[in-house]
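Here's final-v1.pdb, which has PDB, C-alpha atoms:
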ATOM      1  CA  MET A 123      52.932  57.645 -27.494  1.00  0.00           C
ATOM      2  CA  LEU A 124      52.755  60.568 -29.949  1.00  0.00           C
ATOM      3  CA  GLY A 125      49.269  59.657 -31.158  1.00  0.00           C
ATOM      4  CA  SER A 126      46.079  61.683 -30.814  1.00  0.00           C
ATOM      5  CA  HIS A 127      42.348  61.114 -30.539  1.00  0.00           C
ATOM      6  CA  LEU A 128      42.379  60.642 -34.328  1.00  0.00           C
ATOM      7  CA  SER A 129      44.134  57.308 -33.805  1.00  0.00           C
ATOM      8  CA  TRP A 130      40.788  55.769 -32.817  1.00  0.00           C
ATOM      9  CA  GLU A 131      38.825  56.557 -35.990  1.00  0.00           C
ATOM     10  CA  LYS A 132      38.290  52.869 -36.825  1.00  0.00           C
ATOM     11  CA  GLN A 133      36.563  52.514 -33.457  1.00  0.00           C
ATOM     12  CA  LEU A 134      34.629  55.782 -33.604  1.00  0.00           C
ATOM     13  CA  ASN A 135      33.336  54.849 -37.071  1.00  0.00           C
ATOM     14  CA  SER A 136      32.565  51.229 -36.214  1.00  0.00           C
ATOM     15  CA  PRO A 137      28.865  50.291 -36.458  1.00  0.00           C
ATOM     16  CA  GLU A 138      29.511  47.567 -33.876  1.00  0.00           C
ATOM     17  CA  LEU A 139      30.659  50.115 -31.286  1.00  0.00           C
ATOM     18  CA  GLN A 140      28.028  52.786 -31.912  1.00  0.00           C
ATOM     19  CA  ARG A 141      25.841  51.453 -29.106  1.00  0.00           C
ATOM     20  CA  TYR A 142      28.430  52.694 -26.607  1.00  0.00           C
ATOM     21  CA  ARG A 143      29.382  56.199 -25.648  1.00  0.00           C
ATOM     22  CA  LEU A 144      32.929  56.610 -26.952  1.00  0.00           C
ATOM     23  CA  ILE A 145      35.148  59.311 -25.434  1.00  0.00           C
ATOM     24  CA  THR A 146      38.604  60.101 -26.819  1.00  0.00           C
ATOM     25  CA  PHE A 147      41.094  62.756 -25.780  1.00  0.00           C
ATOM     26  CA  ASP A 148      44.661  63.870 -26.391  1.00  0.00           C
ATOM     27  CA  LEU A 149      47.082  63.157 -23.566  1.00  0.00           C
ATOM     28  CA  ARG A 150      49.071  66.051 -22.104  1.00  0.00           C
ATOM     29  CA  GLY A 151      51.804  67.117 -24.474  1.00  0.00           C
ATOM     30  CA  HIS A 152      49.973  65.480 -27.401  1.00  0.00           C
ATOM     31  CA  GLY A 153      47.706  66.752 -30.158  1.00  0.00           C
ATOM     32  CA  LEU A 154      45.667  69.778 -29.129  1.00  0.00           C
ATOM     33  CA  SER A 155      46.007  69.287 -25.380  1.00  0.00           C
ATOM     34  CA  ASP A 156      48.091  71.628 -23.235  1.00  0.00           C
ATOM     35  CA  LYS A 157      51.851  71.284 -23.498  1.00  0.00           C
ATOM     36  CA  PRO A 158      53.540  72.347 -20.246  1.00  0.00           C
ATOM     37  CA  VAL A 159      57.221  73.209 -20.570  1.00  0.00           C
ATOM     38  CA  GLU A 160      58.236  71.865 -17.153  1.00  0.00           C
ATOM     39  CA  LEU A 161      59.783  68.411 -17.492  1.00  0.00           C
ATOM     40  CA  ASP A 162      58.217  67.291 -14.214  1.00  0.00           C
ATOM     41  CA  ALA A 163      54.830  67.725 -15.861  1.00  0.00           C
ATOM     42  CA  TYR A 164      55.658  64.555 -17.796  1.00  0.00           C
ATOM     43  CA  ARG A 165      57.965  62.660 -15.442  1.00  0.00           C
ATOM     44  CA  GLU A 166      55.479  62.602 -12.556  1.00  0.00           C
ATOM     45  CA  GLY A 167      52.975  59.872 -13.364  1.00  0.00           C
ATOM     46  CA  ARG A 168      50.352  61.270 -10.988  1.00  0.00           C
ATOM     47  CA  HIS A 169      49.830  64.262 -13.294  1.00  0.00           C
ATOM     48  CA  TRP A 170      48.736  61.936 -16.107  1.00  0.00           C
ATOM     49  CA  ALA A 171      46.459  60.075 -13.684  1.00  0.00           C
ATOM     50  CA  ASP A 172      44.839  63.333 -12.602  1.00  0.00           C
ATOM     51  CA  ASP A 173      44.191  64.232 -16.243  1.00  0.00           C
ATOM     52  CA  LEU A 174      42.339  60.966 -16.806  1.00  0.00           C
ATOM     53  CA  ALA A 175      40.345  61.421 -13.605  1.00  0.00           C
ATOM     54  CA  ALA A 176      39.369  64.919 -14.766  1.00  0.00           C
ATOM     55  CA  VAL A 177      38.170  63.602 -18.138  1.00  0.00           C
ATOM     56  CA  ILE A 178      36.040  60.941 -16.430  1.00  0.00           C
ATOM     57  CA  LYS A 179      34.545  63.488 -14.052  1.00  0.00           C
ATOM     58  CA  GLU A 180      33.922  66.303 -16.524  1.00  0.00           C
ATOM     59  CA  SER A 181      32.456  63.974 -19.167  1.00  0.00           C
ATOM     60  CA  GLY A 182      30.064  62.456 -16.648  1.00  0.00           C
ATOM     61  CA  ALA A 183      31.167  58.958 -17.646  1.00  0.00           C
ATOM     62  CA  HIS A 184      29.604  56.312 -15.373  1.00  0.00           C
ATOM     63  CA  GLU A 185      31.780  53.260 -14.678  1.00  0.00           C
ATOM     64  CA  PRO A 186      33.642  53.506 -17.999  1.00  0.00           C
ATOM     65  CA  VAL A 187      35.864  50.886 -19.530  1.00  0.00           C
ATOM     66  CA  LEU A 188      39.267  52.534 -19.947  1.00  0.00           C
ATOM     67  CA  VAL A 189      41.117  51.747 -23.179  1.00  0.00           C
ATOM     68  CA  GLY A 190      44.749  52.840 -23.326  1.00  0.00           C
ATOM     69  CA  TRP A 191      47.141  52.435 -26.228  1.00  0.00           C
ATOM     70  CA  SER A 192      50.889  52.184 -25.586  1.00  0.00           C
ATOM     71  CA  LEU A 193      51.713  54.976 -23.114  1.00  0.00           C
ATOM     72  CA  GLY A 194      47.971  55.283 -22.484  1.00  0.00           C
ATOM     73  CA  ALA A 195      48.128  51.964 -20.647  1.00  0.00           C
ATOM     74  CA  ALA A 196      50.697  53.433 -18.242  1.00  0.00           C
ATOM     75  CA  VAL A 197      48.380  56.405 -17.708  1.00  0.00           C
ATOM     76  CA  THR A 198      45.596  53.981 -16.780  1.00  0.00           C
ATOM     77  CA  THR A 199      47.919  52.138 -14.388  1.00  0.00           C
ATOM     78  CA  ASN A 200      48.802  55.401 -12.663  1.00  0.00           C
ATOM     79  CA  TYR A 201      45.110  56.243 -12.472  1.00  0.00           C
ATOM     80  CA  LEU A 202      44.478  52.898 -10.765  1.00  0.00           C
ATOM     81  CA  ALA A 203      47.349  53.531  -8.346  1.00  0.00           C
ATOM     82  CA  ALA A 204      45.969  56.948  -7.419  1.00  0.00           C
ATOM     83  CA  PHE A 205      42.206  56.346  -7.465  1.00  0.00           C
ATOM     84  CA  GLY A 206      41.627  52.588  -7.464  1.00  0.00           C
ATOM     85  CA  ASP A 207      39.167  50.797  -9.731  1.00  0.00           C
ATOM     86  CA  GLY A 208      35.986  51.646  -7.853  1.00  0.00           C
ATOM     87  CA  GLN A 209      34.800  54.147 -10.462  1.00  0.00           C
ATOM     88  CA  ILE A 210      35.470  52.031 -13.563  1.00  0.00           C
ATOM     89  CA  ALA A 211      34.066  48.810 -15.022  1.00  0.00           C
ATOM     90  CA  GLY A 212      37.352  47.500 -16.384  1.00  0.00           C
ATOM     91  CA  ALA A 213      40.339  48.324 -18.573  1.00  0.00           C
ATOM     92  CA  VAL A 214      41.869  47.298 -21.882  1.00  0.00           C
ATOM     93  CA  TYR A 215      45.578  47.835 -22.591  1.00  0.00           C
ATOM     94  CA  VAL A 216      46.489  47.864 -26.286  1.00  0.00           C
ATOM     95  CA  GLY A 217      50.199  47.457 -27.028  1.00  0.00           C
ATOM     96  CA  GLY A 218      50.378  48.594 -23.448  1.00  0.00           C
ATOM     97  CA  VAL A 219      53.457  49.823 -21.637  1.00  0.00           C
ATOM     98  CA  ILE A 220      53.426  48.085 -18.252  1.00  0.00           C
ATOM     99  CA  GLU A 221      56.730  49.521 -17.056  1.00  0.00           C
ATOM    100  CA  LEU A 222      59.459  51.517 -18.780  1.00  0.00           C
ATOM    101  CA  LYS A 223      62.049  48.794 -18.299  1.00  0.00           C
ATOM    102  CA  PRO A 224      64.436  47.469 -20.972  1.00  0.00           C
ATOM    103  CA  GLU A 225      63.199  43.894 -20.769  1.00  0.00           C
ATOM    104  CA  GLN A 226      59.642  45.037 -21.536  1.00  0.00           C
ATOM    105  CA  LEU A 227      60.518  47.307 -24.451  1.00  0.00           C
ATOM    106  CA  VAL A 228      62.198  46.977 -27.840  1.00  0.00           C
ATOM    107  CA  ALA A 229      65.269  49.172 -28.241  1.00  0.00           C
ATOM    108  CA  GLN A 230      64.928  51.543 -31.191  1.00  0.00           C
ATOM    109  CA  PRO A 231      67.857  53.932 -30.678  1.00  0.00           C
ATOM    110  CA  ALA A 232      67.847  55.396 -34.190  1.00  0.00           C
ATOM    111  CA  ALA A 233      64.226  56.515 -34.029  1.00  0.00           C
ATOM    112  CA  TYR A 234      64.420  57.834 -30.479  1.00  0.00           C
ATOM    113  CA  SER A 235      67.665  59.732 -31.055  1.00  0.00           C
ATOM    114  CA  GLY A 236      66.186  61.354 -34.141  1.00  0.00           C
ATOM    115  CA  MET A 237      63.042  62.351 -32.293  1.00  0.00           C
ATOM    116  CA  ALA A 238      65.154  63.975 -29.571  1.00  0.00           C
ATOM    117  CA  SER A 239      67.300  65.896 -32.067  1.00  0.00           C
ATOM    118  CA  SER A 240      67.231  69.705 -32.105  1.00  0.00           C
ATOM    119  CA  ASP A 241      67.846  69.578 -35.861  1.00  0.00           C
ATOM    120  CA  LEU A 242      64.441  69.888 -37.522  1.00  0.00           C
ATOM    121  CA  ARG A 243      65.145  67.505 -40.393  1.00  0.00           C
ATOM    122  CA  SER A 244      66.513  64.829 -38.049  1.00  0.00           C
ATOM    123  CA  HIS A 245      63.604  65.351 -35.679  1.00  0.00           C
ATOM    124  CA  LEU A 246      60.978  64.927 -38.397  1.00  0.00           C
ATOM    125  CA  GLU A 247      62.749  61.893 -39.833  1.00  0.00           C
ATOM    126  CA  GLY A 248      62.775  60.390 -36.346  1.00  0.00           C
ATOM    127  CA  GLU A 249      59.039  61.006 -35.988  1.00  0.00           C
ATOM    128  CA  LYS A 250      58.438  59.374 -39.363  1.00  0.00           C
ATOM    129  CA  GLU A 251      60.549  56.351 -38.443  1.00  0.00           C
ATOM    130  CA  PHE A 252      58.767  55.998 -35.101  1.00  0.00           C
ATOM    131  CA  VAL A 253      55.328  56.064 -36.720  1.00  0.00           C
ATOM    132  CA  ALA A 254      56.443  53.417 -39.214  1.00  0.00           C
ATOM    133  CA  LEU A 255      57.463  51.226 -36.273  1.00  0.00           C
ATOM    134  CA  CYS A 256      53.907  51.390 -34.930  1.00  0.00           C
ATOM    135  CA  PHE A 257      52.609  49.192 -37.761  1.00  0.00           C
ATOM    136  CA  ASN A 258      53.468  45.762 -39.075  1.00  0.00           C
ATOM    137  CA  THR A 259      51.116  46.316 -42.009  1.00  0.00           C
ATOM    138  CA  ALA A 260      51.546  49.893 -43.207  1.00  0.00           C
ATOM    139  CA  PRO A 261      48.381  52.018 -43.237  1.00  0.00           C
ATOM    140  CA  ASP A 262      47.191  53.928 -46.291  1.00  0.00           C
ATOM    141  CA  ASP A 263      49.258  56.992 -47.131  1.00  0.00           C
ATOM    142  CA  ALA A 264      46.688  59.504 -45.854  1.00  0.00           C
ATOM    143  CA  THR A 265      46.536  57.806 -42.449  1.00  0.00           C
ATOM    144  CA  PHE A 266      50.316  57.537 -42.267  1.00  0.00           C
ATOM    145  CA  GLN A 267      50.844  61.207 -43.098  1.00  0.00           C
ATOM    146  CA  ARG A 268      48.163  62.291 -40.639  1.00  0.00           C
ATOM    147  CA  THR A 269      49.754  60.187 -37.905  1.00  0.00           C
ATOM    148  CA  VAL A 270      53.195  61.650 -38.626  1.00  0.00           C
ATOM    149  CA  ALA A 271      51.697  65.143 -38.457  1.00  0.00           C
ATOM    150  CA  ALA A 272      50.128  64.349 -35.072  1.00  0.00           C
ATOM    151  CA  ALA A 273      53.467  63.007 -33.838  1.00  0.00           C
ATOM    152  CA  ALA A 274      55.187  66.199 -34.982  1.00  0.00           C
ATOM    153  CA  MET A 275      52.703  68.210 -32.882  1.00  0.00           C
ATOM    154  CA  ALA A 276      53.814  66.458 -29.700  1.00  0.00           C
ATOM    155  CA  SER A 277      55.700  68.590 -27.195  1.00  0.00           C
ATOM    156  CA  SER A 278      59.483  68.321 -27.411  1.00  0.00           C
ATOM    157  CA  GLU A 279      59.616  68.562 -23.600  1.00  0.00           C
ATOM    158  CA  MET A 280      57.214  65.629 -23.339  1.00  0.00           C
ATOM    159  CA  GLN A 281      59.242  63.562 -25.794  1.00  0.00           C
ATOM    160  CA  SER A 282      62.451  64.153 -23.864  1.00  0.00           C
ATOM    161  CA  ALA A 283      60.968  63.573 -20.408  1.00  0.00           C
ATOM    162  CA  VAL A 284      58.344  60.868 -20.854  1.00  0.00           C
ATOM    163  CA  HIS A 285      60.885  58.027 -20.888  1.00  0.00           C
ATOM    164  CA  GLY A 286      61.433  58.859 -17.222  1.00  0.00           C
ATOM    165  CA  MET A 287      57.719  58.853 -16.379  1.00  0.00           C
ATOM    166  CA  SER A 288      56.982  57.188 -13.047  1.00  0.00           C
ATOM    167  CA  ILE A 289      54.629  54.200 -13.283  1.00  0.00           C
ATOM    168  CA  ASP A 290      53.362  52.635 -10.079  1.00  0.00           C
ATOM    169  CA  ALA A 291      52.513  49.281 -11.633  1.00  0.00           C
ATOM    170  CA  ALA A 292      52.778  47.367  -8.363  1.00  0.00           C
ATOM    171  CA  LYS A 293      50.132  49.516  -6.712  1.00  0.00           C
ATOM    172  CA  GLY A 294      47.981  50.121  -9.783  1.00  0.00           C
ATOM    173  CA  LEU A 295      47.721  46.559 -11.045  1.00  0.00           C
ATOM    174  CA  GLY A 296      48.396  44.932  -7.688  1.00  0.00           C
ATOM    175  CA  SER A 297      45.266  46.403  -6.135  1.00  0.00           C
ATOM    176  CA  MET A 298      42.960  45.905  -9.117  1.00  0.00           C
ATOM    177  CA  HIS A 299      39.805  43.776  -8.897  1.00  0.00           C
ATOM    178  CA  LYS A 300      37.972  44.665 -12.103  1.00  0.00           C
ATOM    179  CA  PRO A 301      38.474  42.888 -15.475  1.00  0.00           C
ATOM    180  CA  LEU A 302      41.697  43.688 -17.333  1.00  0.00           C
ATOM    181  CA  LEU A 303      42.448  42.670 -20.918  1.00  0.00           C
ATOM    182  CA  LEU A 304      45.824  43.069 -22.602  1.00  0.00           C
ATOM    183  CA  ILE A 305      45.909  43.033 -26.413  1.00  0.00           C
ATOM    184  CA  TYR A 306      49.306  42.869 -28.090  1.00  0.00           C
ATOM    185  CA  GLY A 307      50.427  42.498 -31.684  1.00  0.00           C
ATOM    186  CA  GLY A 308      52.695  39.529 -32.249  1.00  0.00           C
ATOM    187  CA  GLN A 309      54.932  41.710 -34.451  1.00  0.00           C
ATOM    188  CA  ASP A 310      55.147  44.667 -32.032  1.00  0.00           C
ATOM    189  CA  ALA A 311      58.375  46.594 -32.724  1.00  0.00           C
ATOM    190  CA  LEU A 312      58.145  48.838 -29.643  1.00  0.00           C
ATOM    191  CA  VAL A 313      56.899  46.725 -26.732  1.00  0.00           C
ATOM    192  CA  GLN A 314      57.830  43.155 -25.791  1.00  0.00           C
ATOM    193  CA  PRO A 315      54.438  41.385 -25.562  1.00  0.00           C
ATOM    194  CA  SER A 316      55.490  38.292 -23.613  1.00  0.00           C
ATOM    195  CA  ALA A 317      57.576  40.109 -20.990  1.00  0.00           C
ATOM    196  CA  SER A 318      54.985  42.867 -20.571  1.00  0.00           C
ATOM    197  CA  ALA A 319      52.109  40.421 -20.238  1.00  0.00           C
ATOM    198  CA  ALA A 320      54.066  38.281 -17.785  1.00  0.00           C
ATOM    199  CA  ARG A 321      54.756  41.293 -15.582  1.00  0.00           C
ATOM    200  CA  ALA A 322      51.108  42.350 -15.634  1.00  0.00           C
ATOM    201  CA  LYS A 323      49.934  38.838 -14.758  1.00  0.00           C
ATOM    202  CA  ALA A 324      52.472  38.635 -11.933  1.00  0.00           C
ATOM    203  CA  LEU A 325      50.922  41.749 -10.429  1.00  0.00           C
ATOM    204  CA  TYR A 326      47.311  40.861 -11.283  1.00  0.00           C
ATOM    205  CA  PRO A 327      46.835  37.134 -12.003  1.00  0.00           C
ATOM    206  CA  ARG A 328      43.312  37.616 -13.387  1.00  0.00           C
ATOM    207  CA  THR A 329      44.698  39.576 -16.331  1.00  0.00           C
ATOM    208  CA  ALA A 330      43.499  38.212 -19.690  1.00  0.00           C
ATOM    209  CA  VAL A 331      45.809  38.374 -22.721  1.00  0.00           C
ATOM    210  CA  GLU A 332      45.049  38.273 -26.447  1.00  0.00           C
ATOM    211  CA  LEU A 333      47.797  38.126 -29.069  1.00  0.00           C
ATOM    212  CA  TYR A 334      47.058  39.346 -32.590  1.00  0.00           C
ATOM    213  CA  GLU A 335      49.748  37.469 -34.463  1.00  0.00           C
ATOM    214  CA  THR A 336      49.915  39.598 -37.623  1.00  0.00           C
ATOM    215  CA  SER A 337      49.668  43.033 -35.969  1.00  0.00           C
ATOM    216  CA  GLY A 338      52.407  45.364 -34.875  1.00  0.00           C
ATOM    217  CA  HIS A 339      52.041  48.000 -32.161  1.00  0.00           C
ATOM    218  CA  SER A 340      48.601  49.045 -33.423  1.00  0.00           C
ATOM    219  CA  PRO A 341      46.291  46.005 -33.388  1.00  0.00           C
ATOM    220  CA  PHE A 342      43.233  48.241 -32.986  1.00  0.00           C
ATOM    221  CA  PHE A 343      44.047  49.642 -36.449  1.00  0.00           C
ATOM    222  CA  GLU A 344      45.700  46.711 -38.203  1.00  0.00           C
ATOM    223  CA  GLU A 345      43.061  44.147 -37.177  1.00  0.00           C
ATOM    224  CA  SER A 346      40.243  46.546 -36.383  1.00  0.00           C
ATOM    225  CA  THR A 347      37.403  44.099 -37.131  1.00  0.00           C
ATOM    226  CA  ARG A 348      38.710  41.582 -34.610  1.00  0.00           C
ATOM    227  CA  PHE A 349      39.620  44.308 -32.146  1.00  0.00           C
ATOM    228  CA  ASN A 350      36.194  45.954 -32.278  1.00  0.00           C
ATOM    229  CA  ARG A 351      34.533  42.576 -31.770  1.00  0.00           C
ATOM    230  CA  ASP A 352      36.790  41.745 -28.816  1.00  0.00           C
ATOM    231  CA  LEU A 353      36.317  45.187 -27.291  1.00  0.00           C
ATOM    232  CA  SER A 354      32.539  44.933 -27.604  1.00  0.00           C
ATOM    233  CA  ALA A 355      32.506  41.521 -25.920  1.00  0.00           C
ATOM    234  CA  PHE A 356      34.773  42.777 -23.132  1.00  0.00           C
ATOM    235  CA  VAL A 357      32.644  45.857 -22.468  1.00  0.00           C
ATOM    236  CA  ASP A 358      29.448  43.804 -22.358  1.00  0.00           C
ATOM    237  CA  ALA A 359      30.979  41.327 -19.910  1.00  0.00           C
ATOM    238  CA  ALA A 360      32.532  44.022 -17.731  1.00  0.00           C
ATOM    239  CA  THR A 361      29.384  46.108 -17.525  1.00  0.00           C
ATOM    240  CA  GLY A 362      26.959  43.181 -17.276  1.00  0.00           C
ATOM    241  CA  HIS A 363      25.154  43.942 -20.551  1.00  0.00           C
TER     242      HIS A 363
END
For the file at hand, write its structure as structure tokens.
Amino acid sequence: MLGSHLSWEKQLNSPELQRYRLITFDLRGHGLSDKPVELDAYREGRHWADDLAAVIKESGAHEPVLVGWSLGAAVTTNYLAAFGDGQIAGAVYVGGVIELKPEQLVAQPAAYSGMASSDLRSHLEGEKEFVALCFNTAPDDATFQRTVAAAAMASSEMQSAVHGMSIDAAKGLGSMHKPLLLIYGGQDALVQPSASAARAKALYPRTAVELYETSGHSPFFEESTRFNRDLSAFVDAATGH
């Protein structure tokens, strides 16, 4: 949540992943994407699913592997609930939100209250604190500042409403047949890896799980070499290459 397509630069610039077509986009309310003011635009999970379906269709992607970080995993789940997995090869959830339930998340009241504040200073401090929570090993200063700036661009309506986003995990994961890989950081300060993975496996027993022990909420950045290798192997297996 609060990231942008820039979050994936270590994948877009990876020599190992250049043999694939890589498509990134900003979720609704994020980055340079549209920012509706109606709260239902963010609470209704089907809207996010429709966005993803539109990206797949308009890009001409053929049986893509969907990779969703944090809230992006919930978007993928809602896509699966609405459209099934017939048009994709598989999915990878990174620090993925399975459901917005207390037992699957880590409470961070100070950061979230700051982000929701109408006071600009408090709001920006909340964004900064939230971004810091995304990493166990802090990124370089330029990356950190760029990520904070992207977070500050996120719609205030989205930030206030997204915690009530509907996620049809039972239907989305419960009806899946394609490969699914969950990658969590062992030091994740936002999502509970064990509880989230257990819930996903209860709904879809074939779910595979990888734990990156030294990473926080951003294993694709903090352990990018391992992540890019694992992603490449998953894509090859899922697509039969």
Tell me which residues the PyMOL selection byres ((chain A and resi 363) around 12) grabs here, as a list in words.
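Evaluating the PyMOL selection byres ((chain A and resi 363) around 12) on these coordinates yields Arg141, Tyr142, Ala211, Ser354, Ala355, Phe356, Val357, Asp358, Ala359, Ala360, Thr361 and Gly362 of chain A.
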Point out the residue among A:His245, A:Asp148, A:Ile220, A:Arg143 with the least atom-to-atom distance to Glu185 (chain A), counting only C-alpha atoms.
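Closest candidate: A:Arg143.
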What separation in Å, quoted to one decimal, exists between CA of Gly286 (chain A) and CA of Ser318 (chain A)?
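Between CA of Gly286 (chain A) and CA of Ser318 (chain A) the gap works out to 17.6 Å.
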How would you write, as a list in words, the residues chosen by the PyMOL selection byres ((chain A and resi 219) around 10) on this structure?
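For this structure, the PyMOL selection byres ((chain A and resi 219) around 10) resolves to Met123, Gly190, Trp191, Ser192, Leu193, Gly194, Ala195, Ala196, Val197, Thr199, Tyr215, Val216, Gly217, Gly218, Ile220, Glu221, Leu222, Lys223, Gln226, Leu227, Ile289, Leu312, Val313, Gln314, Pro315, Ser318, Ala319 and Ala322 of chain A.
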Matched chain/residue IDs from the PyMOL selection byres ((chain A and resi 127-139) around 12), as number ranges by chain
A: 123-126, 140-150, 152-155, 189-192, 194, 216, 253, 256, 261, 265-266, 268-273, 340-358
Measuring atom to atom with all atoms listed in the file, identify which of A:Ser297, A:Ser288, A:Ser244, A:Gln267 is nearest to Arg168 (chain A).
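The answer is A:Ser288, which sits nearest to Arg168 (chain A).
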Between A:Met237, A:Val159, A:Leu302, A:Met275, which one has atoms that come closest to Ile210 (chain A), using all atoms listed in the file?
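Nearest candidate to Ile210 (chain A) out of A:Met237, A:Val159, A:Leu302, A:Met275: A:Leu302.
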Residue among A:Ser282, A:Ala163, A:Lys323, A:Gly338 lying closest to Tyr306 (chain A), counting only C-alpha atoms:
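Going through A:Ser282, A:Ala163, A:Lys323, A:Gly338 one by one, the smallest distance to Tyr306 (chain A) is for A:Gly338.
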